[in-house]
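Shown below: target_11.txt, with compact mmCIF, C-alpha atoms and all ligand atoms.
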# COMPACT_ATOMS: atom_id res chain seq x y z
CA MET A 1 -2.96 7.32 -59.79
CA THR A 2 -0.97 6.92 -56.58
CA LYS A 3 -4.25 6.59 -54.75
CA THR A 4 -5.49 3.86 -57.11
CA LEU A 5 -2.26 1.92 -56.70
CA PHE A 6 -2.53 2.26 -52.95
CA SER A 7 -6.11 0.96 -52.89
CA LEU A 8 -5.15 -1.90 -55.16
CA GLY A 9 -2.36 -2.77 -52.76
CA LEU A 10 -4.81 -2.74 -49.86
CA LEU A 11 -7.22 -4.93 -51.81
CA ALA A 12 -4.50 -7.43 -52.58
CA LEU A 13 -3.49 -7.54 -48.92
CA SER A 14 -7.01 -7.93 -47.59
CA SER A 15 -7.91 -10.64 -50.08
CA LEU A 16 -4.80 -12.63 -49.19
CA SER A 17 -4.99 -12.65 -45.43
CA PRO A 18 -8.20 -14.66 -44.80
CA ALA A 19 -6.93 -17.52 -46.96
CA MET A 20 -3.68 -17.76 -45.02
CA ALA A 21 -3.14 -19.81 -41.92
CA ALA A 22 -1.41 -17.95 -39.14
CA ASP A 23 -0.05 -20.92 -37.19
CA ALA A 24 3.15 -22.92 -37.36
CA GLY A 25 5.14 -19.82 -38.21
CA LYS A 26 4.47 -20.10 -41.91
CA SER A 27 1.51 -19.22 -44.08
CA TYR A 28 -0.10 -21.57 -46.55
CA PRO A 29 -3.29 -21.09 -48.54
CA ILE A 30 -6.40 -23.04 -47.61
CA ASP A 31 -7.78 -25.47 -50.18
CA PRO A 32 -11.32 -24.23 -50.85
CA GLU A 33 -12.67 -27.72 -51.45
CA SER A 34 -11.32 -29.66 -48.47
CA GLY A 35 -10.84 -26.69 -46.12
CA LEU A 36 -7.34 -28.03 -45.38
CA ILE A 37 -4.21 -25.93 -44.98
CA MET A 38 -2.12 -26.68 -48.06
CA ALA A 39 1.09 -27.35 -46.12
CA PRO A 40 3.40 -30.29 -46.84
CA GLY A 41 1.46 -33.54 -46.40
CA TRP A 42 -2.01 -32.11 -46.97
CA GLU A 43 -2.68 -34.18 -50.10
CA MET A 44 -2.07 -37.39 -48.18
CA VAL A 45 -4.54 -36.29 -45.52
CA ASN A 46 -7.06 -35.09 -48.08
CA TYR A 47 -6.79 -38.40 -49.90
CA GLN A 48 -7.27 -40.58 -46.83
CA CYS A 49 -9.48 -38.53 -44.58
CA ASN A 50 -12.49 -37.63 -46.69
CA ALA A 51 -13.59 -41.12 -47.66
CA CYS A 52 -16.13 -41.33 -44.81
CA HIS A 53 -16.71 -37.74 -43.70
CA THR A 54 -15.79 -34.28 -44.84
CA THR A 55 -12.26 -33.07 -44.08
CA ALA A 56 -13.97 -30.01 -42.55
CA ILE A 57 -14.06 -32.15 -39.39
CA ILE A 58 -10.27 -31.72 -39.10
CA PRO A 59 -10.08 -27.94 -38.42
CA GLN A 60 -12.86 -28.45 -35.84
CA ASN A 61 -10.75 -30.92 -33.83
CA LYS A 62 -7.39 -29.56 -32.75
CA GLY A 63 -4.91 -31.47 -30.70
CA ASN A 64 -1.32 -32.52 -30.20
CA ARG A 65 0.22 -35.63 -31.75
CA GLU A 66 -1.16 -37.96 -29.06
CA VAL A 67 -4.68 -36.57 -29.39
CA TRP A 68 -4.55 -37.08 -33.15
CA ARG A 69 -3.06 -40.56 -32.78
CA ASP A 70 -5.90 -41.51 -30.39
CA THR A 71 -8.58 -40.06 -32.68
CA ILE A 72 -7.27 -41.92 -35.71
CA GLN A 73 -6.67 -45.14 -33.74
CA TRP A 74 -10.30 -44.95 -32.58
CA MET A 75 -11.41 -44.81 -36.23
CA VAL A 76 -9.14 -47.75 -37.06
CA ASP A 77 -10.51 -49.79 -34.14
CA THR A 78 -14.19 -48.97 -34.45
CA GLN A 79 -15.02 -47.25 -37.75
CA GLY A 80 -13.33 -49.41 -40.34
CA LEU A 81 -10.46 -47.03 -41.09
CA TRP A 82 -7.52 -48.86 -42.65
CA ASP A 83 -4.16 -48.96 -40.88
CA LEU A 84 -2.29 -45.90 -42.11
CA SER A 85 0.94 -48.00 -42.08
CA ASP A 86 3.77 -45.88 -43.48
CA THR A 87 1.60 -42.77 -43.71
CA TRP A 88 1.02 -42.67 -39.92
CA ASP A 89 4.01 -40.40 -39.34
CA PRO A 90 3.50 -37.91 -42.17
CA VAL A 91 -0.23 -37.69 -41.36
CA LEU A 92 0.48 -37.11 -37.65
CA ASP A 93 3.23 -34.61 -38.51
CA TYR A 94 0.80 -32.63 -40.63
CA LEU A 95 -2.12 -32.74 -38.18
CA SER A 96 -0.11 -31.99 -35.04
CA THR A 97 1.71 -29.12 -36.74
CA TYR A 98 -1.18 -27.37 -38.45
CA TYR A 99 -4.08 -28.48 -36.24
CA ASP A 100 -2.38 -28.29 -32.87
CA GLU A 101 -4.45 -26.84 -30.03
CA THR A 102 -1.79 -24.16 -29.47
CA GLY A 103 -2.51 -23.04 -33.02
CA ILE A 104 -5.72 -21.26 -32.01
CA ASP A 105 -5.60 -17.87 -33.70
CA MET A 106 -5.74 -15.39 -30.85
CA LYS A 107 -6.47 -12.61 -33.33
CA ILE A 108 -9.89 -14.21 -33.83
CA PHE A 109 -10.57 -15.63 -30.35
CA ARG A 110 -10.45 -13.51 -27.24
CA ARG A 111 -9.41 -16.41 -25.01
CA LYS A 112 -8.84 -20.15 -25.16
CA PRO A 113 -11.82 -22.44 -24.58
CA LEU A 114 -12.54 -23.30 -20.92
CA ASP A 115 -11.55 -26.69 -19.57
CA SER A 116 -14.54 -28.96 -19.24
CA GLU A 117 -14.21 -28.83 -15.40
CA GLN A 118 -14.65 -25.06 -15.55
CA MET A 119 -17.82 -25.25 -17.60
CA PRO A 120 -21.21 -24.74 -15.94
CA PRO A 121 -23.40 -27.88 -15.86
CA MET A 122 -25.61 -28.51 -18.88
CA PRO A 123 -29.24 -27.50 -18.18
CA THR A 124 -30.38 -30.96 -19.24
CA SER A 125 -28.05 -32.78 -16.84
CA THR A 126 -29.22 -30.73 -13.81
CA LYS A 127 -32.84 -31.62 -14.64
CA GLU A 128 -32.03 -35.31 -14.58
CA GLY A 129 -29.88 -34.66 -11.46
C1 LIG B 1 -13.37 -45.58 -42.72
C2 LIG B 1 -14.07 -44.35 -42.51
C3 LIG B 1 -13.24 -43.15 -41.99
C4 LIG B 1 -12.09 -42.64 -42.51
C5 LIG B 1 -11.37 -43.05 -43.77
C6 LIG B 1 -11.70 -41.54 -41.65
N1 LIG B 1 -12.63 -41.38 -40.65
FE1 LIG B 1 -12.66 -39.89 -39.25
N2 LIG B 1 -14.42 -40.61 -38.53
C7 LIG B 1 -15.13 -41.69 -39.03
C8 LIG B 1 -16.40 -41.81 -38.33
C9 LIG B 1 -17.46 -42.87 -38.60
C10 LIG B 1 -16.43 -40.76 -37.40
C11 LIG B 1 -17.54 -40.44 -36.40
C12 LIG B 1 -18.73 -39.87 -37.10
C13 LIG B 1 -18.63 -38.43 -37.32
O1 LIG B 1 -18.28 -37.70 -36.40
O2 LIG B 1 -18.93 -37.98 -38.47
C14 LIG B 1 -15.18 -40.02 -37.55
C15 LIG B 1 -14.84 -38.90 -36.81
C16 LIG B 1 -13.69 -38.16 -36.99
C17 LIG B 1 -13.31 -37.01 -36.18
C18 LIG B 1 -14.13 -36.43 -35.04
C19 LIG B 1 -13.75 -37.17 -33.79
C20 LIG B 1 -14.50 -36.65 -32.59
O3 LIG B 1 -13.94 -36.78 -31.48
O4 LIG B 1 -15.60 -36.13 -32.75
C21 LIG B 1 -12.12 -36.56 -36.64
C22 LIG B 1 -11.32 -35.38 -36.13
C23 LIG B 1 -11.73 -37.42 -37.73
N3 LIG B 1 -12.71 -38.37 -37.91
C24 LIG B 1 -10.54 -37.30 -38.43
C25 LIG B 1 -10.16 -38.16 -39.44
C26 LIG B 1 -8.85 -38.12 -40.06
C27 LIG B 1 -7.75 -37.14 -39.71
C28 LIG B 1 -8.83 -39.11 -41.00
C29 LIG B 1 -7.69 -39.49 -41.91
C30 LIG B 1 -6.53 -40.05 -41.26
C31 LIG B 1 -10.15 -39.77 -40.97
N4 LIG B 1 -10.90 -39.18 -39.99
C32 LIG B 1 -10.54 -40.80 -41.82
C33 LIG B 1 -14.71 -42.53 -40.04
C34 LIG B 1 -13.59 -42.35 -40.83
Spell out the structure here as structure tokens.
Amino acid sequence: MTKTLFSLGLLALSSLSPAMAADAGKSYPIDPESGLIMAPGWEMVNYQCNACHTTAIIPQNKGNREVWRDTIQWMVDTQGLWDLSDTWDPVLDYLSTYYDETGIDMKIFRRKPLDSEQMPPMPTSTKEG
């Protein structure tokens, strides 16, 4: 009986942890459909940011507030994204908090990605030399 309870406890723990985000000091579940961390502001992002592409593009592109502002401004300027007007700030708050580059989970990654200057040349670019 004690053993069963213990294993159930372990099961509960192990099924919770993958769905939780480790960054920003607080844990929120991940929405299975959008892949977004369900922290304050996520609905606004989900609503506006999956009209043209999947929101799965968001966790793949981390950055601070300026990086996110530039990325979104580029979509406004060149890709037909509407001006976010009064949702600029809440959207940037959400993205820069939960998809900040410092939020890389070091329990999963052994080290941070190399700077592009530290990367070896691409095989294709040396051929063209
Ligand atoms: C009007 C259409 C449209 C909307 C709405 C839109 N995007 Fe995009 N976005 C694009 C296009 C087009 C691309 C480039 C094609 C691609 O990578 O799929 C892109 C690319 C991206 C990229 C990848 C940029 C890179 O450097 O590769 C990110 C991140 C992104 N969008 C985030 C967002 C966020 C956050 C929102 C909500 C604020 C959003 N998008 C809303 C059109 C849109």
Subject >> Protein and nucleic acid residues within 7 Å of ligand LIG 1 (chain B) (all atoms listed in the file) as an MDAnalysis selection string >> reply: chainID A and resid 45 48:53 57:58 61 71:72 75 79:82 91
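Considering the residues A:Thr97, A:Ser34, A:Ser27, A:Ser85 and counting all atoms listed in the file, A:Thr55 has its shortest atom-to-atom contact with A:Ser34.
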Original post:
Which residues come within 10 Å of A:Arg65, counting all atoms listed in the file, excluding same-chain residues fewer than 2 positions away, as number ranges by chain?
Top reply: A: 62-63, 67-71, 89, 91-97, 99-100
**OP:** Mind giving me the straight-line distance from atom CA of A:Gly41 to atom CA of A:Pro90 in Å, one decimal?
**Re:**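 These two atoms are separated by 6.4 Å.
The spacing separating atom CA of A:Val76 from atom CA of A:Asn46 amounts to 16.9 Å.
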Original post:
Which residue gives the smallest distance to A:Gln60 among A:Gly35, A:Pro40, A:Pro121, A:Pro29, with all atoms listed in the file counted?
Top reply: A:Gly35
**OP:** May I ask for the distance between atom CA of A:Ile37 and atom CA of A:Asp115, given in Å to one decimal place?
**Re:** 26.5 Å
Edge lengths and centre, in Å to one decimal, as JSON: that's what I need for the box along x, y and z that holds all listed atoms of stretch 78-93 of chain A plus 4 Å on each side.
{"center_x": -5.5, "center_y": -42.0, "center_z": -39.1, "size_x": 27.0, "size_y": 22.8, "size_z": 17.3}
Subject >> Selected residue, from A:Asp83, A:Phe109, A:Tyr98, A:Leu114, that lies nearest to A:Pro59 when counting only C-alpha atoms >> reply: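 Ranking A:Asp83, A:Phe109, A:Tyr98, A:Leu114 by distance to A:Pro59, first place goes to A:Tyr98.
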**OP:** Select, from A:Lys26, A:Arg110, A:Thr78, A:Glu117, the residue with the minimum atom-to-atom distance to A:Met38, counting only C-alpha atoms.
**Re:** A:Lys26
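Using all atoms listed in the file, the smallest distance between any of A:Leu36, A:Leu84, A:Met106, A:Thr124 and A:Ala56 comes from A:Leu36.
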